[in-house]
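> Sharing upload.pdb here; it has PDB, C-alpha atoms.
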ATOM      1  CA  GLY A  21      -8.582  -2.170 -19.714
ATOM      2  CA  GLU A  22      -6.266  -4.451 -17.777
ATOM      3  CA  HIS A  23      -2.853  -3.012 -16.831
ATOM      4  CA  ALA A  24      -3.858   0.246 -18.596
ATOM      5  CA  PHE A  25      -1.931   2.625 -16.322
ATOM      6  CA  GLU A  26      -0.015   0.176 -14.180
ATOM      7  CA  LYS A  27       3.140   1.679 -12.643
ATOM      8  CA  CYS A  28       2.370   5.097 -14.096
ATOM      9  CA  ALA A  29       4.535   7.526 -12.112
ATOM     10  CA  GLY A  30       2.889  10.686 -13.459
ATOM     11  CA  ILE A  31      -0.607  10.294 -11.969
ATOM     12  CA  TYR A  32      -1.221  12.298  -8.808
ATOM     13  CA  SER A  33      -4.993  12.714  -8.891
ATOM     14  CA  LEU A  34      -7.636  10.715 -10.749
ATOM     15  CA  THR A  35     -11.303  11.349 -11.543
ATOM     16  CA  ILE A  36     -13.149   8.486 -13.196
ATOM     17  CA  LYS A  37     -16.229   9.585 -15.111
ATOM     18  CA  GLY A  38     -19.040   7.535 -16.612
ATOM     19  CA  ASP A  39     -19.789   3.821 -16.674
ATOM     20  CA  VAL A  40     -16.165   2.772 -17.046
ATOM     21  CA  THR A  41     -14.920  -0.769 -16.428
ATOM     22  CA  ILE A  42     -11.761  -0.502 -14.362
ATOM     23  CA  GLY A  43      -9.841  -3.601 -15.381
ATOM     24  CA  ALA A  44      -7.449  -5.773 -13.415
ATOM     25  CA  TYR A  45      -4.260  -3.956 -12.394
ATOM     26  CA  ALA A  46      -5.512  -0.819 -14.215
ATOM     27  CA  PHE A  47      -3.841   1.588 -11.768
ATOM     28  CA  SER A  48      -1.753  -0.815  -9.734
ATOM     29  CA  ASP A  49       1.571   0.572  -8.458
ATOM     30  CA  CYS A  50       0.749   4.209  -9.254
ATOM     31  CA  LEU A  51       2.867   5.151  -6.290
ATOM     32  CA  LEU A  52       2.272   8.921  -6.286
ATOM     33  CA  MET A  53      -1.498   8.903  -6.830
ATOM     34  CA  ASN A  54      -3.088  10.310  -3.678
ATOM     35  CA  THR A  55      -6.683  10.986  -4.757
ATOM     36  CA  VAL A  56      -9.264   8.919  -6.659
ATOM     37  CA  LYS A  57     -12.791  10.179  -7.290
ATOM     38  CA  PHE A  58     -15.605   8.304  -8.994
ATOM     39  CA  THR A  59     -18.721   9.698 -10.605
ATOM     40  CA  LYS A  60     -21.947   7.867  -9.810
ATOM     41  CA  GLU A  61     -21.941   5.761 -12.962
ATOM     42  CA  ALA A  62     -19.016   3.447 -12.149
ATOM     43  CA  LYS A  63     -20.007  -0.218 -11.746
ATOM     44  CA  TYR A  64     -16.909  -2.429 -11.948
ATOM     45  CA  ILE A  65     -13.534  -2.343 -10.182
ATOM     46  CA  GLY A  66     -11.303  -5.242 -11.209
ATOM     47  CA  ASP A  67      -8.806  -7.417  -9.371
ATOM     48  CA  TYR A  68      -5.759  -5.512  -8.043
ATOM     49  CA  ALA A  69      -7.099  -2.363  -9.766
ATOM     50  CA  PHE A  70      -5.550   0.033  -7.233
ATOM     51  CA  SER A  71      -3.241  -2.306  -5.337
ATOM     52  CA  ARG A  72      -0.008  -0.845  -4.008
ATOM     53  CA  CYS A  73      -1.083   2.748  -4.664
ATOM     54  CA  SER A  74       0.917   3.633  -1.611
ATOM     55  CA  SER A  75       0.051   7.367  -1.497
ATOM     56  CA  LEU A  76      -3.729   6.975  -1.743
ATOM     57  CA  SER A  77      -5.156   8.465   1.458
ATOM     58  CA  GLY A  78      -8.875   7.710   1.213
ATOM     59  CA  ILE A  79     -11.394   5.994  -1.031
ATOM     60  CA  SER A  80     -15.149   6.221  -1.489
ATOM     61  CA  ILE A  81     -16.545   3.428  -3.644
ATOM     62  CA  PRO A  82     -19.842   4.782  -5.020
ATOM     63  CA  ASP A  83     -23.179   3.086  -4.489
ATOM     64  CA  THR A  84     -23.340   2.265  -8.213
ATOM     65  CA  VAL A  85     -20.397  -0.175  -8.054
ATOM     66  CA  GLU A  86     -21.636  -3.767  -8.227
ATOM     67  CA  TYR A  87     -18.343  -5.631  -8.469
ATOM     68  CA  LEU A  88     -15.212  -5.148  -6.393
ATOM     69  CA  GLY A  89     -12.276  -7.324  -7.366
ATOM     70  CA  ARG A  90      -9.828  -9.324  -5.295
ATOM     71  CA  SER A  91      -7.015  -7.297  -3.735
ATOM     72  CA  ALA A  92      -8.482  -4.165  -5.341
ATOM     73  CA  PHE A  93      -6.921  -1.869  -2.723
ATOM     74  CA  ALA A  94      -4.376  -4.188  -1.132
ATOM     75  CA  SER A  95      -1.179  -2.634   0.239
ATOM     76  CA  CYS A  96      -2.366   0.955  -0.082
ATOM     77  CA  PHE A  97      -0.199   1.934   2.852
ATOM     78  CA  ALA A  98      -1.405   5.552   3.258
ATOM     79  CA  LEU A  99      -5.104   4.689   3.105
ATOM     80  CA  SER A 100      -6.799   5.846   6.314
ATOM     81  CA  ASN A 101     -10.508   5.568   5.510
ATOM     82  CA  ALA A 102     -12.758   3.720   3.078
ATOM     83  CA  TYR A 103     -16.429   3.736   2.164
ATOM     84  CA  ILE A 104     -17.801   0.670   0.392
ATOM     85  CA  GLY A 105     -20.943   1.348  -1.623
ATOM     86  CA  SER A 106     -24.315  -0.249  -1.020
ATOM     87  CA  ARG A 107     -24.389  -2.454  -4.150
ATOM     88  CA  VAL A 108     -21.186  -4.336  -3.440
ATOM     89  CA  SER A 109     -22.584  -7.799  -2.695
ATOM     90  CA  GLU A 110     -19.379  -9.239  -1.273
ATOM     91  CA  ILE A 111     -16.089  -7.844  -0.054
ATOM     92  CA  PRO A 112     -13.618 -10.078  -1.887
ATOM     93  CA  ASP A 113     -10.506 -11.875  -0.733
ATOM     94  CA  ASN A 114      -7.656  -9.573   0.295
ATOM     95  CA  ALA A 115      -9.598  -6.478  -0.811
ATOM     96  CA  PHE A 116      -7.823  -4.185   1.673
ATOM     97  CA  ARG A 117      -5.130  -6.511   2.920
ATOM     98  CA  ASN A 118      -2.048  -4.853   4.373
ATOM     99  CA  CYS A 119      -3.520  -1.357   4.370
ATOM    100  CA  LYS A 120      -1.567  -0.841   7.532
ATOM    101  CA  ASN A 121      -2.807   2.700   8.264
ATOM    102  CA  LEU A 122      -6.481   2.056   7.506
ATOM    103  CA  GLU A 123      -8.427   3.253  10.550
ATOM    104  CA  GLU A 124     -12.072   3.404   9.499
ATOM    105  CA  VAL A 125     -14.306   1.420   7.145
ATOM    106  CA  LYS A 126     -17.948   2.269   6.537
ATOM    107  CA  LEU A 127     -20.365   0.029   4.672
ATOM    108  CA  GLY A 128     -23.130   1.623   2.653
ATOM    109  CA  GLY A 129     -25.042  -1.637   2.448
ATOM    110  CA  SER A 130     -24.961  -5.251   3.560
ATOM    111  CA  PRO A 131     -22.534  -7.420   1.624
ATOM    112  CA  LYS A 132     -23.334 -11.090   2.183
ATOM    113  CA  SER A 133     -19.748 -12.052   2.826
ATOM    114  CA  ILE A 134     -16.362 -10.672   3.802
ATOM    115  CA  GLY A 135     -13.710 -12.666   1.988
ATOM    116  CA  ASP A 136     -10.557 -14.416   3.148
ATOM    117  CA  GLY A 137      -7.930 -11.928   4.286
ATOM    118  CA  ALA A 138     -10.123  -8.968   3.288
ATOM    119  CA  PHE A 139      -8.761  -6.732   6.068
ATOM    120  CA  MET A 140      -5.843  -8.866   7.166
ATOM    121  CA  GLU A 141      -2.864  -6.887   8.483
ATOM    122  CA  CYS A 142      -4.845  -3.654   8.777
ATOM    123  CA  TYR A 143      -2.985  -2.939  11.979
ATOM    124  CA  SER A 144      -4.620   0.457  12.613
ATOM    125  CA  LEU A 145      -8.247  -0.513  11.970
ATOM    126  CA  SER A 146     -10.305   0.719  14.909
ATOM    127  CA  TYR A 147     -13.765   1.284  13.415
ATOM    128  CA  PHE A 148     -15.785  -1.206  11.390
ATOM    129  CA  THR A 149     -19.552  -1.600  11.457
ATOM    130  CA  PHE A 150     -20.839  -5.097  10.711
ATOM    131  CA  ASN A 151     -24.219  -4.379   9.121
ATOM    132  CA  GLU A 152     -27.160  -6.761   9.268
ATOM    133  CA  GLY A 153     -27.203  -8.978   6.188
ATOM    134  CA  ILE A 154     -23.618 -10.221   6.448
ATOM    135  CA  GLU A 155     -23.737 -14.015   6.528
ATOM    136  CA  TYR A 156     -20.107 -15.129   6.426
ATOM    137  CA  ILE A 157     -16.711 -13.792   7.481
ATOM    138  CA  GLY A 158     -13.827 -15.598   5.782
ATOM    139  CA  ASP A 159     -10.554 -17.077   6.968
ATOM    140  CA  ARG A 160      -8.177 -14.459   8.434
ATOM    141  CA  ALA A 161     -10.557 -11.693   7.354
ATOM    142  CA  PHE A 162      -9.481  -9.471  10.276
ATOM    143  CA  TYR A 163      -6.278 -11.253  11.225
ATOM    144  CA  LEU A 164      -3.846  -8.954  13.048
ATOM    145  CA  CYS A 165      -6.231  -6.009  13.217
ATOM    146  CA  GLU A 166      -4.420  -5.081  16.374
ATOM    147  CA  ALA A 167      -6.280  -1.809  17.079
ATOM    148  CA  LEU A 168      -9.826  -3.148  16.795
ATOM    149  CA  PRO A 169     -11.450  -2.550  20.229
ATOM    150  CA  TYR A 170     -14.912  -4.006  19.786
ATOM    151  CA  VAL A 171     -16.862  -6.212  17.400
ATOM    152  CA  THR A 172     -20.637  -6.438  17.253
ATOM    153  CA  LEU A 173     -21.591  -9.111  14.758
ATOM    154  CA  PRO A 174     -25.040  -9.099  13.145
ATOM    155  CA  GLU A 175     -27.828 -11.552  13.847
ATOM    156  CA  SER A 176     -27.662 -12.546  10.181
ATOM    157  CA  LEU A 177     -24.154 -14.006  10.574
ATOM    158  CA  LEU A 178     -23.995 -17.773  10.040
ATOM    159  CA  GLY A 179     -20.287 -18.531   9.864
ATOM    160  CA  ILE A 180     -16.835 -17.276  10.873
ATOM    161  CA  GLY A 181     -13.735 -18.686   9.178
ATOM    162  CA  GLU A 182     -10.437 -19.893  10.580
ATOM    163  CA  MET A 183      -8.366 -17.286  12.430
ATOM    164  CA  ALA A 184     -10.856 -14.629  11.305
ATOM    165  CA  PHE A 185     -10.125 -12.382  14.297
ATOM    166  CA  ALA A 186      -6.887 -13.953  15.490
ATOM    167  CA  GLY A 187      -4.279 -11.538  16.736
ATOM    168  CA  CYS A 188      -6.781  -8.768  17.538
ATOM    169  CA  GLY A 189      -4.930  -8.041  20.738
ATOM    170  CA  LYS A 190      -6.923  -4.972  21.829
ATOM    171  CA  LEU A 191     -10.350  -6.522  21.414
ATOM    172  CA  ARG A 192     -12.322  -5.833  24.598
ATOM    173  CA  TRP A 193     -15.932  -6.447  23.555
ATOM    174  CA  LEU A 194     -17.392  -9.181  21.350
ATOM    175  CA  ASN A 195     -21.097  -9.485  20.587
ATOM    176  CA  LEU A 196     -22.006 -12.631  18.657
ATOM    177  CA  GLY A 197     -25.230 -13.165  16.733
ATOM    178  CA  VAL A 198     -27.600 -15.839  17.950
ATOM    179  CA  HIS A 199     -27.767 -17.588  14.554
ATOM    180  CA  LEU A 200     -24.070 -18.400  14.334
ATOM    181  CA  GLN A 201     -23.663 -21.983  13.093
ATOM    182  CA  GLU A 202     -20.022 -22.365  12.044
ATOM    183  CA  LEU A 203     -16.862 -21.255  13.805
ATOM    184  CA  GLY A 204     -13.458 -21.929  12.255
ATOM    185  CA  ASN A 205     -10.381 -23.096  14.121
ATOM    186  CA  LEU A 206      -8.605 -20.433  16.167
ATOM    187  CA  ALA A 207     -11.149 -17.840  15.057
ATOM    188  CA  PHE A 208     -10.335 -15.639  18.061
ATOM    189  CA  HIS A 209      -6.839 -16.888  18.842
ATOM    190  CA  GLY A 210      -4.693 -14.383  20.674
ATOM    191  CA  ILE A 211      -7.423 -12.022  21.843
ATOM    192  CA  PRO A 212      -7.392 -10.966  25.538
ATOM    193  CA  ALA A 213      -8.441 -13.680  27.963
ATOM    194  CA  ASP A 214     -10.639 -11.254  29.906
ATOM    195  CA  ILE A 215     -12.649 -10.086  26.891
ATOM    196  CA  ASP A 216     -16.347  -9.371  27.462
ATOM    197  CA  VAL A 217     -18.360 -11.759  25.250
ATOM    198  CA  LYS A 218     -22.101 -11.511  24.690
ATOM    199  CA  TYR A 219     -23.886 -14.508  23.184
ATOM    200  CA  HIS A 220     -27.416 -15.903  23.553
ATOM    201  CA  GLY A 221     -27.247 -18.985  21.337
ATOM    202  CA  THR A 222     -26.798 -22.689  22.023
ATOM    203  CA  MET A 223     -24.537 -24.177  24.676
ATOM    204  CA  GLN A 224     -22.846 -26.342  22.023
ATOM    205  CA  MET A 225     -21.794 -23.283  20.020
ATOM    206  CA  TRP A 226     -20.757 -21.483  23.191
ATOM    207  CA  ARG A 227     -18.251 -24.252  23.930
ATOM    208  CA  LYS A 228     -16.743 -23.718  20.472
ATOM    209  CA  ILE A 229     -16.573 -19.982  21.081
ATOM    210  CA  ASP A 230     -14.964 -20.507  24.466
ATOM    211  CA  ASN A 231     -12.266 -22.668  22.890
ATOM    212  CA  ALA A 232     -11.692 -20.501  19.807
ATOM    213  CA  HIS A 233      -9.341 -18.035  21.482
ATOM    214  CA  ASN A 234      -7.150 -20.589  23.208
TER     215      ASN A 234
END
Rewrite the structure of this file - the entire thing - as structure tokens.

Amino acid sequence: GEHAFEKCAGIYSLTIKGDVTIGAYAFSDCLLMNTVKFTKEAKYIGDYAFSRCSSLSGISIPDTVEYLGRSAFASCFALSNAYIGSRVSEIPDNAFRNCKNLEEVKLGGSPKSIGDGAFMECYSLSYFTFNEGIEYIGDRAFYLCEALPYVTLPESLLGIGEMAFAGCGKLRWLNLGVHLQELGNLAFHGIPADIDVKYHGTMQMWRKIDNAHN
């Protein structure tokens, strides 16, 4: 249930078995918990469920999980890698926000959207694959992902929110899908001026892209 083990100082390792609903804040602030394992039956991870579990080093969300809550793993400072299962239909707002040592994220499937601030302030993020099927990237989704070197966005992408990739100061390569229709203000603000951009869409959208990092 909600808040079930919040701030529990005695949990170091956790194995979740069966079709268990992990409620909001269920394991939030379990500061010494460094390992979480799921069996293949888990389907629901609630809002803030593992937020501020500052010793958690890695997470693999199984392919059975259908719902991932807002800020579910926010501020897990030791987290270095994450796998997001194939049935997660959207990565919610602030899901991994401020996971400052998160380096690698792998997607098992194709969530339709990446929410506002989902990976904001993940300063160490250097590997993220944008699978085909993603249609929208929210406001500040990758804001201040300072280590991200390249971004290849899928052809399915229709919209990018405000400041989505702002502050990605090491971005050297940007490949934009041809079907892009919406580009938020300052979407690429603060990225290098000499970045290599690949885009084969309309001239009107190109002008927006050209202005989005100024």
> Taking the file as I've supplied it (selection: the PyMOL selection byres ((chain A and resi 174) around 12)), which residues are included? Please answer as an MDAnalysis selection string.
chainID A and resid 130:133 149:157 171:173 175:180 194:200 219
> Considering all atoms listed in the file, tabulate each residue of range 144-189 of chain A that lies at most 10 Å from range 92-102 of chain A along with its nearest interatomic pair and the corresponding distance in Å to one decimal; arrange the rows by chain and ascending residue number and present them as a Markdown table.

| residue | atom | partner | partner_atom | distance |
| --- | --- | --- | --- | --- |
| A:Ser144 | CA | A:Ser100 | CA | 8.6 |
| A:Leu145 | CA | A:Ser100 | CA | 8.6 |
| A:Tyr147 | CA | A:Asn101 | CA | 9.6 |
> Identify all residues satisfying the PyMOL selection byres ((chain A and resi 74) around 12) in the given file; provide them as number ranges by chain.
A: 27, 29, 32, 47-55, 70-73, 75-78, 93-100, 118-122
> Could the residues in this selection be saved with C-alpha atoms as a PDB file, in the frame of the given file?

ATOM      1  CA  LYS A  27       3.140   1.679 -12.643  1.00  0.00           C
ATOM      2  CA  ALA A  29       4.535   7.526 -12.112  1.00  0.00           C
ATOM      3  CA  TYR A  32      -1.221  12.298  -8.808  1.00  0.00           C
ATOM      4  CA  PHE A  47      -3.841   1.588 -11.768  1.00  0.00           C
ATOM      5  CA  SER A  48      -1.753  -0.815  -9.734  1.00  0.00           C
ATOM      6  CA  ASP A  49       1.571   0.572  -8.458  1.00  0.00           C
ATOM      7  CA  CYS A  50       0.749   4.209  -9.254  1.00  0.00           C
ATOM      8  CA  LEU A  51       2.867   5.151  -6.290  1.00  0.00           C
ATOM      9  CA  LEU A  52       2.272   8.921  -6.286  1.00  0.00           C
ATOM     10  CA  MET A  53      -1.498   8.903  -6.830  1.00  0.00           C
ATOM     11  CA  ASN A  54      -3.088  10.310  -3.678  1.00  0.00           C
ATOM     12  CA  THR A  55      -6.683  10.986  -4.757  1.00  0.00           C
ATOM     13  CA  PHE A  70      -5.550   0.033  -7.233  1.00  0.00           C
ATOM     14  CA  SER A  71      -3.241  -2.306  -5.337  1.00  0.00           C
ATOM     15  CA  ARG A  72      -0.008  -0.845  -4.008  1.00  0.00           C
ATOM     16  CA  CYS A  73      -1.083   2.748  -4.664  1.00  0.00           C
ATOM     17  CA  SER A  75       0.051   7.367  -1.497  1.00  0.00           C
ATOM     18  CA  LEU A  76      -3.729   6.975  -1.743  1.00  0.00           C
ATOM     19  CA  SER A  77      -5.156   8.465   1.458  1.00  0.00           C
ATOM     20  CA  GLY A  78      -8.875   7.710   1.213  1.00  0.00           C
ATOM     21  CA  PHE A  93      -6.921  -1.869  -2.723  1.00  0.00           C
ATOM     22  CA  ALA A  94      -4.376  -4.188  -1.132  1.00  0.00           C
ATOM     23  CA  SER A  95      -1.179  -2.634   0.239  1.00  0.00           C
ATOM     24  CA  CYS A  96      -2.366   0.955  -0.082  1.00  0.00           C
ATOM     25  CA  PHE A  97      -0.199   1.934   2.852  1.00  0.00           C
ATOM     26  CA  ALA A  98      -1.405   5.552   3.258  1.00  0.00           C
ATOM     27  CA  LEU A  99      -5.104   4.689   3.105  1.00  0.00           C
ATOM     28  CA  SER A 100      -6.799   5.846   6.314  1.00  0.00           C
ATOM     29  CA  ASN A 118      -2.048  -4.853   4.373  1.00  0.00           C
ATOM     30  CA  CYS A 119      -3.520  -1.357   4.370  1.00  0.00           C
ATOM     31  CA  LYS A 120      -1.567  -0.841   7.532  1.00  0.00           C
ATOM     32  CA  ASN A 121      -2.807   2.700   8.264  1.00  0.00           C
ATOM     33  CA  LEU A 122      -6.481   2.056   7.506  1.00  0.00           C
TER      34      LEU A 122
END
> With only C-alpha atoms as the basis for distance, which of A:Asn114, A:Thr41, A:Thr59, A:Ser106 is at the shortest distance from Ala161 in chain A?
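Residue with the minimum atom-to-atom distance to Ala161 in chain A: A:Asn114.
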> So which one's closest to Asp83 in chain A, A:Glu124, A:Ile65, A:Gly129, A:Ala24? Using only C-alpha atoms, please.
A:Gly129
> Identify which of the residues A:Ser109, A:Ser146, A:Ser91, A:Ser80 lies closest to Glu166 in chain A, counting all atoms listed in the file when measuring atom-to-atom distances.
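That would be A:Ser146, the residue with the smallest distance to Glu166 in chain A.
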> Check the smallest atom-to-atom distance from each of A:Ala62, A:Leu127, A:Ala138, A:Val85 to Ile111 in chain A using only C-alpha atoms, then report the winner.
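Answer, going by the shortest atom-to-atom distance: A:Ala138.
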> Just so the selection is clear, what residues does the PyMOL selection byres ((chain A and resi 193) around 10) cover here, as a list in words?
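So the PyMOL selection byres ((chain A and resi 193) around 10), applied here, picks out Leu168, Pro169, Tyr170, Val171, Thr172, Lys190, Leu191, Arg192, Leu194, Asn195, Leu196, Pro212, Asp214, Ile215, Asp216, Val217 and Lys218 of chain A.
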> With distances taken over all atoms listed in the file, which of A:Ala207, A:His23, A:Gln201, A:Phe162 is nearest to Thr222 in chain A?
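Using all atoms listed in the file, Thr222 in chain A sits closest to A:Gln201.
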> What does the structure give for the distance between CA of Tyr87 in chain A and CA of Glu182 in chain A, in Å to one decimal?
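Going from CA of Tyr87 in chain A over to CA of Glu182 in chain A covers 25.1 Å.
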> Using all atoms listed in the file, what residues lie at most 6 Å away from (-2.6, -4.1, -13.9) (file coordinates), given as an mmCIF file with C-alpha atoms, in the frame of the given file?

data_model
loop_
_atom_site.group_PDB
_atom_site.id
_atom_site.type_symbol
_atom_site.label_atom_id
_atom_site.label_comp_id
_atom_site.auth_asym_id
_atom_site.auth_seq_id
_atom_site.Cartn_x
_atom_site.Cartn_y
_atom_site.Cartn_z
ATOM 1 C CA GLU A 22 -6.266 -4.451 -17.777
ATOM 2 C CA HIS A 23 -2.853 -3.012 -16.831
ATOM 3 C CA GLU A 26 -0.015 0.176 -14.180
ATOM 4 C CA ALA A 44 -7.449 -5.773 -13.415
ATOM 5 C CA TYR A 45 -4.260 -3.956 -12.394
ATOM 6 C CA ALA A 46 -5.512 -0.819 -14.215
ATOM 7 C CA SER A 48 -1.753 -0.815 -9.734
#
> Separation of CA of Tyr64 in chain A and CA of Met140 in chain A, in Å?
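Separating CA of Tyr64 in chain A from CA of Met140 in chain A is a distance of 23.0 Å.
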> Could you please give me, as a list in words, the residues of protein, DNA or RNA lying at most 9 Å from (-7.0, -14.3, 24.1) in the coordinate frame of the file, considering all atoms listed in the file?
Ala186, Gly187, Cys188, Gly189, Leu191, Phe208, His209, Gly210, Ile211, Pro212, Ala213, Asp214, Ile215, Ala232, His233 and Asn234 of chain A
> How big is the axis-aligned box, and where does its centre sit, when it encloses all atoms of range 198-214 of chain A listed in the file and has 4 Å added on every side, reported in Å to one decimal as JSON?

{"center_x": -16.2, "center_y": -17.0, "center_z": 21.0, "size_x": 31.1, "size_y": 20.1, "size_z": 25.9}
> Set the distance at 8 Å and use all atoms listed in the file: which residues neighbour Tyr103 in chain A once local chain neighbours fewer than 5 positions away are removed? I'd like the list as a VMD selection string.
chain A and resid 79 to 81 125 to 128
> Just the number, please: distance in Å from CA of Asp39 in chain A to CA of Glu86 in chain A, one decimal.
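Computed distance, CA of Asp39 in chain A to CA of Glu86 in chain A, equals 11.5 Å.
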> Just the residues within 6 Å of Asp136 in chain A, please, counting only C-alpha atoms, with nothing from its chain fewer than 5 positions along; format it as a PyMOL selection string.
chain A and resi 113+158-161
> From the set A:Tyr143, A:Phe148, A:Tyr163, A:Trp226, which residue has the shortest atom-to-atom contact distance to Gly181 in chain A, counting all atoms listed in the file?
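Checking each of A:Tyr143, A:Phe148, A:Tyr163, A:Trp226 against Gly181 in chain A, counting all atoms listed in the file, the winner is A:Tyr163.
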> Select range 138-154 of chain A in the preceding structure and write N, CA and C atoms to a file as a tab-separated table (two decimals), in the first residue's frame.

chain	number	residue	atom	x	y	z
A	138	ALA	N	11.33	14.10	-17.13
A	138	ALA	CA	11.53	12.67	-16.86
A	138	ALA	C	12.97	12.33	-16.52
A	139	PHE	N	13.92	12.94	-17.25
A	139	PHE	CA	15.34	12.69	-17.00
A	139	PHE	C	16.10	14.00	-16.74
A	140	MET	N	15.38	14.97	-16.31
A	140	MET	CA	15.95	16.28	-15.98
A	140	MET	C	17.01	16.13	-14.88
A	141	GLU	N	18.13	16.81	-15.05
A	141	GLU	CA	19.21	16.83	-14.07
A	141	GLU	C	19.87	15.46	-13.90
A	142	CYS	N	19.80	14.64	-14.95
A	142	CYS	CA	20.59	13.40	-14.98
A	142	CYS	C	21.92	13.76	-15.62
A	143	TYR	N	22.78	14.36	-14.84
A	143	TYR	CA	23.98	15.00	-15.36
A	143	TYR	C	24.94	14.03	-16.03
A	144	SER	N	24.88	12.75	-15.66
A	144	SER	CA	25.84	11.76	-16.18
A	144	SER	C	25.29	10.93	-17.33
A	145	LEU	N	24.05	11.17	-17.73
A	145	LEU	CA	23.42	10.34	-18.75
A	145	LEU	C	24.15	10.47	-20.09
A	146	SER	N	24.68	9.34	-20.56
A	146	SER	CA	25.43	9.36	-21.81
A	146	SER	C	24.90	8.38	-22.83
A	147	TYR	N	23.95	7.52	-22.43
A	147	TYR	CA	23.40	6.54	-23.37
A	147	TYR	C	21.89	6.44	-23.18
A	148	PHE	N	21.17	6.75	-24.25
A	148	PHE	CA	19.71	6.63	-24.24
A	148	PHE	C	19.27	6.38	-25.68
A	149	THR	N	18.56	5.28	-25.88
A	149	THR	CA	18.08	4.95	-27.22
A	149	THR	C	16.62	5.34	-27.36
A	150	PHE	N	16.34	6.22	-28.31
A	150	PHE	CA	14.97	6.67	-28.57
A	150	PHE	C	14.32	5.72	-29.58
A	151	ASN	N	13.57	4.75	-29.09
A	151	ASN	CA	12.99	3.74	-29.97
A	151	ASN	C	11.87	4.31	-30.84
A	152	GLU	N	11.69	3.70	-32.01
A	152	GLU	CA	10.54	4.05	-32.84
A	152	GLU	C	9.24	3.79	-32.07
A	153	GLY	N	8.29	4.69	-32.24
A	153	GLY	CA	7.03	4.61	-31.52
A	153	GLY	C	6.83	5.76	-30.55
A	154	ILE	N	7.94	6.39	-30.13
A	154	ILE	CA	7.84	7.57	-29.27
A	154	ILE	C	7.29	8.73	-30.09
